[in-house]
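Note: the block below is data.tsv and it holds TSV, C-alpha atoms.
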```
chain	number	residue	atom	x	y	z
A	738	MET	CA	0.00	0.00	0.00
A	739	VAL	CA	2.82	2.40	0.90
A	740	ILE	CA	4.59	1.68	-2.37
A	741	PHE	CA	1.34	2.19	-4.27
A	742	LEU	CA	0.78	5.59	-2.65
A	743	VAL	CA	4.35	6.64	-3.38
A	744	LEU	CA	3.94	5.73	-7.04
A	745	ILE	CA	0.72	7.75	-7.27
A	746	ALA	CA	2.35	10.76	-5.63
A	747	SER	CA	5.35	10.47	-7.95
A	748	GLY	CA	3.08	10.38	-10.99
A	749	CYS	CA	1.24	13.51	-9.84
A	750	VAL	CA	4.51	15.36	-9.32
A	751	THR	CA	5.71	14.39	-12.79
A	752	ARG	CA	2.48	15.54	-14.42
A	753	ASN	CA	2.50	18.86	-12.55
A	754	TYR	CA	6.14	19.43	-13.38
A	755	ASP	CA	5.69	18.67	-17.07
A	756	SER	CA	2.56	20.79	-17.40
A	757	ASN	CA	4.20	23.79	-15.72
A	758	MET	CA	7.34	23.43	-17.83
A	759	ASP	CA	5.24	23.28	-21.00
A	760	LEU	CA	3.25	26.32	-19.88
A	761	GLY	CA	6.43	28.26	-19.11
A	762	LYS	CA	7.96	27.47	-22.50
A	763	SER	CA	4.79	28.49	-24.34
A	764	GLN	CA	4.82	31.81	-22.46
A	765	LEU	CA	8.46	32.30	-23.48
A	766	ASN	CA	7.42	32.00	-27.13
A	767	GLU	CA	5.01	34.88	-26.51
A	768	GLU	CA	7.75	36.80	-24.62
A	769	ASN	CA	5.54	36.82	-21.51
A	770	TYR	CA	8.49	36.50	-19.16
A	771	LEU	CA	6.62	37.16	-15.92
A	772	GLU	CA	4.07	34.42	-16.63
A	773	ALA	CA	6.87	32.11	-17.76
A	774	HIS	CA	8.77	32.77	-14.54
A	775	GLU	CA	5.74	31.91	-12.42
A	776	ALA	CA	5.23	28.64	-14.32
A	777	PHE	CA	8.90	27.63	-14.05
A	778	GLU	CA	8.85	28.49	-10.35
A	779	LEU	CA	5.94	26.08	-9.82
A	780	ALA	CA	7.76	23.42	-11.82
A	781	TYR	CA	10.89	23.88	-9.73
A	782	LYS	CA	8.86	23.43	-6.55
A	783	GLU	CA	7.56	20.13	-7.92
A	784	ALA	CA	11.00	18.85	-8.94
A	785	ASN	CA	14.29	20.64	-8.34
A	786	THR	CA	15.76	19.97	-11.77
A	787	PRO	CA	18.64	22.03	-13.26
A	788	GLU	CA	16.52	22.93	-16.30
A	789	ALA	CA	13.64	24.30	-14.21
A	790	ARG	CA	16.11	26.31	-12.09
A	791	GLU	CA	17.84	27.77	-15.14
A	792	LEU	CA	14.62	28.79	-16.89
A	793	MET	CA	13.17	30.15	-13.65
A	794	ASP	CA	16.24	32.32	-13.02
A	795	LEU	CA	16.56	33.68	-16.55
A	796	SER	CA	12.86	34.44	-17.02
A	797	GLY	CA	12.96	36.21	-13.66
A	798	PHE	CA	15.87	38.42	-14.77
A	799	LEU	CA	14.09	39.35	-18.00
A	800	ALA	CA	10.75	39.97	-16.30
A	801	ASN	CA	12.31	42.21	-13.64
A	802	GLY	CA	14.47	44.01	-16.19
A	803	MET	CA	11.53	44.82	-18.46
A	804	LYS	CA	9.46	45.97	-15.47
A	805	LYS	CA	12.24	48.29	-14.29
A	806	TYR	CA	12.74	49.57	-17.82
A	807	ASP	CA	9.05	50.47	-18.14
A	808	GLU	CA	9.35	52.29	-14.82
A	809	GLN	CA	12.39	54.16	-16.25
A	810	ASP	CA	14.63	52.68	-13.57
A	811	PHE	CA	17.29	52.09	-16.19
A	812	ASP	CA	20.15	51.29	-13.83
A	813	SER	CA	18.21	48.44	-12.23
A	814	ALA	CA	17.01	47.21	-15.62
A	815	LYS	CA	20.57	47.18	-16.91
A	816	ARG	CA	21.74	45.13	-13.94
A	817	ASP	CA	19.01	42.52	-14.51
A	818	PHE	CA	19.81	42.25	-18.22
A	819	GLU	CA	23.53	41.96	-17.47
A	820	GLU	CA	22.79	39.17	-14.98
A	821	ALA	CA	20.91	37.30	-17.70
A	822	THR	CA	23.65	37.97	-20.30
A	823	ALA	CA	26.33	36.55	-17.99
A	824	TYR	CA	24.28	33.42	-17.17
A	825	LYS	CA	25.91	30.18	-18.33
A	826	ALA	CA	22.83	28.65	-19.93
A	827	LYS	CA	22.89	24.96	-20.84
A	828	TYR	CA	19.39	24.45	-22.23
A	829	ARG	CA	17.89	25.63	-25.50
A	830	GLU	CA	15.29	27.96	-23.99
A	831	GLY	CA	17.87	29.31	-21.56
A	832	LYS	CA	20.29	30.15	-24.38
A	833	LEU	CA	17.49	31.90	-26.26
A	834	MET	CA	16.77	34.06	-23.22
A	835	VAL	CA	20.44	34.96	-22.90
A	836	SER	CA	20.36	36.09	-26.55
A	837	LYS	CA	17.24	38.15	-25.82
A	838	ALA	CA	18.95	39.79	-22.85
A	839	VAL	CA	21.79	40.93	-25.11
A	840	GLU	CA	19.27	42.65	-27.39
A	841	MET	CA	17.32	44.38	-24.63
A	842	PRO	CA	17.35	48.20	-24.97
A	843	VAL	CA	18.93	49.95	-21.99
A	844	SER	CA	18.87	53.74	-21.65
A	845	ASP	CA	20.04	55.89	-18.79
A	846	SER	CA	19.15	59.20	-17.18
A	847	ALA	CA	22.05	60.96	-18.91
A	848	THR	CA	20.60	60.07	-22.31
A	849	ILE	CA	17.17	61.39	-21.31
A	850	GLU	CA	18.66	64.64	-19.99
A	851	ALA	CA	20.63	65.09	-23.20
A	852	VAL	CA	17.51	64.67	-25.32
A	853	GLU	CA	15.47	67.00	-23.14
A	854	GLY	CA	18.31	69.53	-23.12
A	855	ASN	CA	18.24	69.76	-26.91
A	856	ASP	CA	14.98	71.72	-26.69
A	857	GLU	CA	16.74	74.48	-24.76
A	858	ALA	CA	19.95	74.52	-26.79
A	859	GLU	CA	20.65	77.58	-28.93
A	860	PRO	CA	20.94	77.13	-32.71
A	861	ALA	CA	24.50	76.70	-33.94
A	862	GLU	CA	24.28	79.85	-36.14
A	863	GLU	CA	23.45	82.05	-33.14
A	864	ALA	CA	26.37	80.70	-31.07
A	865	THR	CA	28.95	81.95	-33.57
A	866	VAL	CA	30.34	85.49	-33.90
A	867	ASP	CA	29.54	86.01	-37.57
A	868	GLY	CA	27.65	84.35	-40.39
A	869	THR	CA	30.74	82.98	-42.09
A	870	ASN	CA	31.99	81.17	-39.03
A	871	GLY	CA	28.46	80.01	-38.36
A	872	SER	CA	28.09	78.30	-41.73
A	873	LYS	CA	31.55	76.77	-41.35
A	874	VAL	CA	30.74	75.35	-37.91
A	875	VAL	CA	27.41	73.99	-39.13
A	876	GLY	CA	29.08	72.40	-42.16
A	877	GLU	CA	31.76	70.76	-40.05
A	878	ALA	CA	29.17	69.50	-37.56
A	879	ALA	CA	27.06	68.01	-40.34
A	880	THR	CA	30.11	66.30	-41.88
A	881	ASP	CA	31.14	64.95	-38.50
A	882	THR	CA	27.63	63.60	-37.87
A	883	ILE	CA	27.52	61.86	-41.25
A	884	GLY	CA	30.94	60.35	-40.62
A	885	LYS	CA	29.86	58.99	-37.24
A	886	GLU	CA	26.67	57.52	-38.71
A	887	GLU	CA	28.64	55.82	-41.51
A	888	SER	CA	31.14	54.51	-38.98
A	889	LYS	CA	28.34	53.22	-36.76
A	890	ALA	CA	26.69	51.50	-39.72
A	891	SER	CA	29.94	49.78	-40.66
A	892	VAL	CA	30.51	48.60	-37.08
A	893	SER	CA	26.97	47.25	-36.76
A	894	THR	CA	27.41	44.98	-39.81
A	895	LEU	CA	28.17	41.46	-38.61
A	896	SER	CA	30.77	39.55	-40.58
A	897	LYS	CA	30.31	35.93	-41.58
A	898	SER	CA	33.13	34.76	-39.30
A	899	GLN	CA	31.68	36.68	-36.35
A	900	ALA	CA	28.29	35.12	-37.00
A	901	GLU	CA	29.86	31.66	-37.17
A	902	LYS	CA	31.47	32.19	-33.75
A	903	LEU	CA	28.10	33.22	-32.30
A	904	VAL	CA	26.56	29.98	-33.56
A	905	LYS	CA	29.46	27.94	-32.14
A	906	ASP	CA	28.92	29.55	-28.74
A	907	TYR	CA	25.17	29.08	-29.00
A	908	VAL	CA	25.50	25.37	-29.76
A	909	ASP	CA	28.37	25.03	-27.27
A	910	MET	CA	30.48	23.24	-29.86
A	911	GLU	CA	33.55	23.21	-27.60
A	912	ASN	CA	31.90	20.40	-25.67
A	913	PHE	CA	30.97	18.51	-28.83
A	914	PRO	CA	34.25	17.90	-30.74
A	915	ASP	CA	32.54	15.75	-33.39
A	916	LEU	CA	30.44	18.67	-34.59
A	917	ASP	CA	31.34	20.84	-37.56
A	918	ILE	CA	29.81	24.00	-39.00
A	919	GLU	CA	29.57	25.51	-42.45
A	920	TYR	CA	27.96	28.62	-43.95
A	921	ASP	CA	25.08	27.70	-46.25
A	922	HIS	CA	23.40	30.84	-47.59
A	923	ASP	CA	21.87	34.21	-46.81
A	924	ALA	CA	18.15	34.19	-45.99
A	925	GLU	CA	15.67	36.44	-47.81
A	926	LYS	CA	15.89	39.02	-45.01
A	927	GLY	CA	19.69	38.95	-45.13
A	928	ASP	CA	20.38	36.71	-42.12
A	929	TYR	CA	23.27	34.28	-42.27
A	930	ILE	CA	22.24	30.59	-42.32
A	931	PHE	CA	24.65	27.97	-40.99
A	932	HIS	CA	24.55	24.17	-41.06
A	933	VAL	CA	25.83	22.34	-37.97
A	934	PHE	CA	26.44	18.65	-38.55
A	935	GLU	CA	28.31	15.56	-37.41
A	936	VAL	CA	30.39	13.41	-39.77
A	937	ASP	CA	29.99	9.70	-39.09
A	938	GLU	CA	33.40	8.86	-40.55
A	939	PRO	CA	35.49	12.05	-40.37
A	940	SER	CA	38.64	10.26	-41.63
A	941	GLN	CA	36.97	9.62	-44.99
A	942	GLU	CA	35.95	12.29	-47.48
A	943	SER	CA	32.74	10.38	-48.16
A	944	GLY	CA	31.75	10.35	-44.49
A	945	HIS	CA	28.01	10.72	-44.00
A	946	LYS	CA	26.84	14.02	-42.51
A	947	THR	CA	24.23	13.88	-39.79
A	948	THR	CA	22.49	17.20	-39.32
A	949	TRP	CA	22.60	18.61	-35.80
A	950	GLY	CA	20.66	21.72	-36.70
A	951	TRP	CA	20.25	24.78	-38.93
A	952	TYR	CA	20.86	28.18	-37.33
A	953	GLY	CA	20.28	31.74	-38.45
A	954	VAL	CA	22.08	34.90	-37.29
A	955	ASN	CA	20.58	38.38	-37.60
A	956	LYS	CA	23.32	40.68	-38.93
A	957	LYS	CA	22.03	43.71	-37.01
A	958	THR	CA	20.84	42.34	-33.67
A	959	LYS	CA	23.31	39.39	-33.56
A	960	GLU	CA	20.45	37.12	-32.49
A	961	VAL	CA	21.05	33.42	-33.02
A	962	TYR	CA	18.01	31.27	-33.66
A	963	GLU	CA	17.12	27.78	-34.86
A	964	VAL	CA	15.81	27.46	-38.40
A	965	LEU	CA	12.91	25.03	-38.57
```

Mind turning the file's structure into structure tokens?
Amino acid sequence: MVIFLVLIASGCVTRNYDSNMDLGKSQLNEENYLEAHEAFELAYKEANTPEARELMDLSGFLANGMKKYDEQDFDSAKRDFEEATAYKAKYREGKLMVSKAVEMPVSDSATIEAVEGNDEAEPAEEATVDGTNGSKVVGEAATDTIGKEESKASVSTLSKSQAEKLVKDYVDMENFPDLDIEYDHDAEKGDYIFHVFEVDEPSQESGHKTTWGWYGVNKKTKEVYEVL
């Protein structure tokens, strides 16, 4: 009888754990991090698994960070996002949340003050002594601004080798020495597409390739995602 009751209790725990984990993952797909955190927390209470703990922690960081950001508490939001970015995720959903944390917008009070201060700033022409100097200063400022924008655009473009490294880190290929990666093509929206595979007989050129997965990398946001 005791054994029978233990088996029943174990089955209930497993069902509750699985249902809460499924609910949490579905909420992650909708980017409802607070609801996901609550579901993973319930799952962790049912069974203290490493996966439930990881997803509970990361969804909590993202939920708190977004809440603080909406409240314009940018310093606290930044700390939460940095905590998530530094998290050593081992599971697929956890790695996706780490990637999301990297993309999260973080402003600060200095940026807001600078924007608000622009309304009170005097025009550049009025700050100069004469019209000639004024036009020269304006021209130089415009050239400088264009140069910075072009420089920023060039920096923001992700190279193919950089994208490949992001995929290697995402898949954690260091711990899987039999895996290999190759660039396949650019998607319609411009994202890099990589093929990660395992060669059954690496010593032979005709070794059969077993696909591990297809992964895309957004050139602007640096987001790594699985291609279905």

Practice task
For stretch 907-924 of chain A, please output as an MDAnalysis selection string all residues within 12 Å (counting only C-alpha atoms; exclusion window: fewer than 3 positions along the same chain).
Solution key: chainID A and resid 825:836 896:904 927:940 946:956 959:964

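Across the structure, atom CA of A:Ala821 and atom CA of A:Glu768 are spaced 14.9 Å apart.
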
Problem - Selection near stretch 792-801 of chain A, 6 Å with only C-alpha atoms, sequence-local residues under 5 positions removed, as a PyMOL selection string - result: chain A and resi 770-771+774+777-778+817+821+831

Practice task
Go ahead and compute the interatomic distance for atom CA of A:Glu819 and atom CA of A:Ser763, in Å to one decimal.
Solution key: 24.1 Å

Practice task
Find the distance between atom CA of A:Tyr781 and atom CA of A:Ser756 and write it in Å to one decimal.
Solution key: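 Interatomic distance here is 11.7 Å.
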
Exercise for the section: Return the single residue from A:Leu760, A:Thr894, A:Thr958, A:Arg752 that is closest to A:Met841, with distances computed using only C-alpha atoms. Expected result: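 Selected residue with least distance to A:Met841: A:Thr958.
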
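The set of protein, DNA and RNA residues with any counted atom at most 10 Å from (2.0, 27.2, -19.2) (only C-alpha atoms) reads Asp755, Ser756, Asn757, Met758, Asp759, Leu760, Gly761, Lys762, Ser763, Gln764, Leu765, Glu772, Ala773, His774, Glu775, Ala776 and Phe777 of chain A.
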
Handout entry: Distance criterion (only C-alpha atoms): nearest to A:Met803 out of A:Ala838, A:Ala823, A:Leu965, A:Leu895
Key =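 With only C-alpha atoms as the atom set, the closest residue is A:Ala838.
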
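The nearest approach to A:Glu840 among the residues A:Arg816, A:Lys782, A:Lys957, A:Lys805, with only C-alpha atoms taken into account, belongs to A:Lys957.
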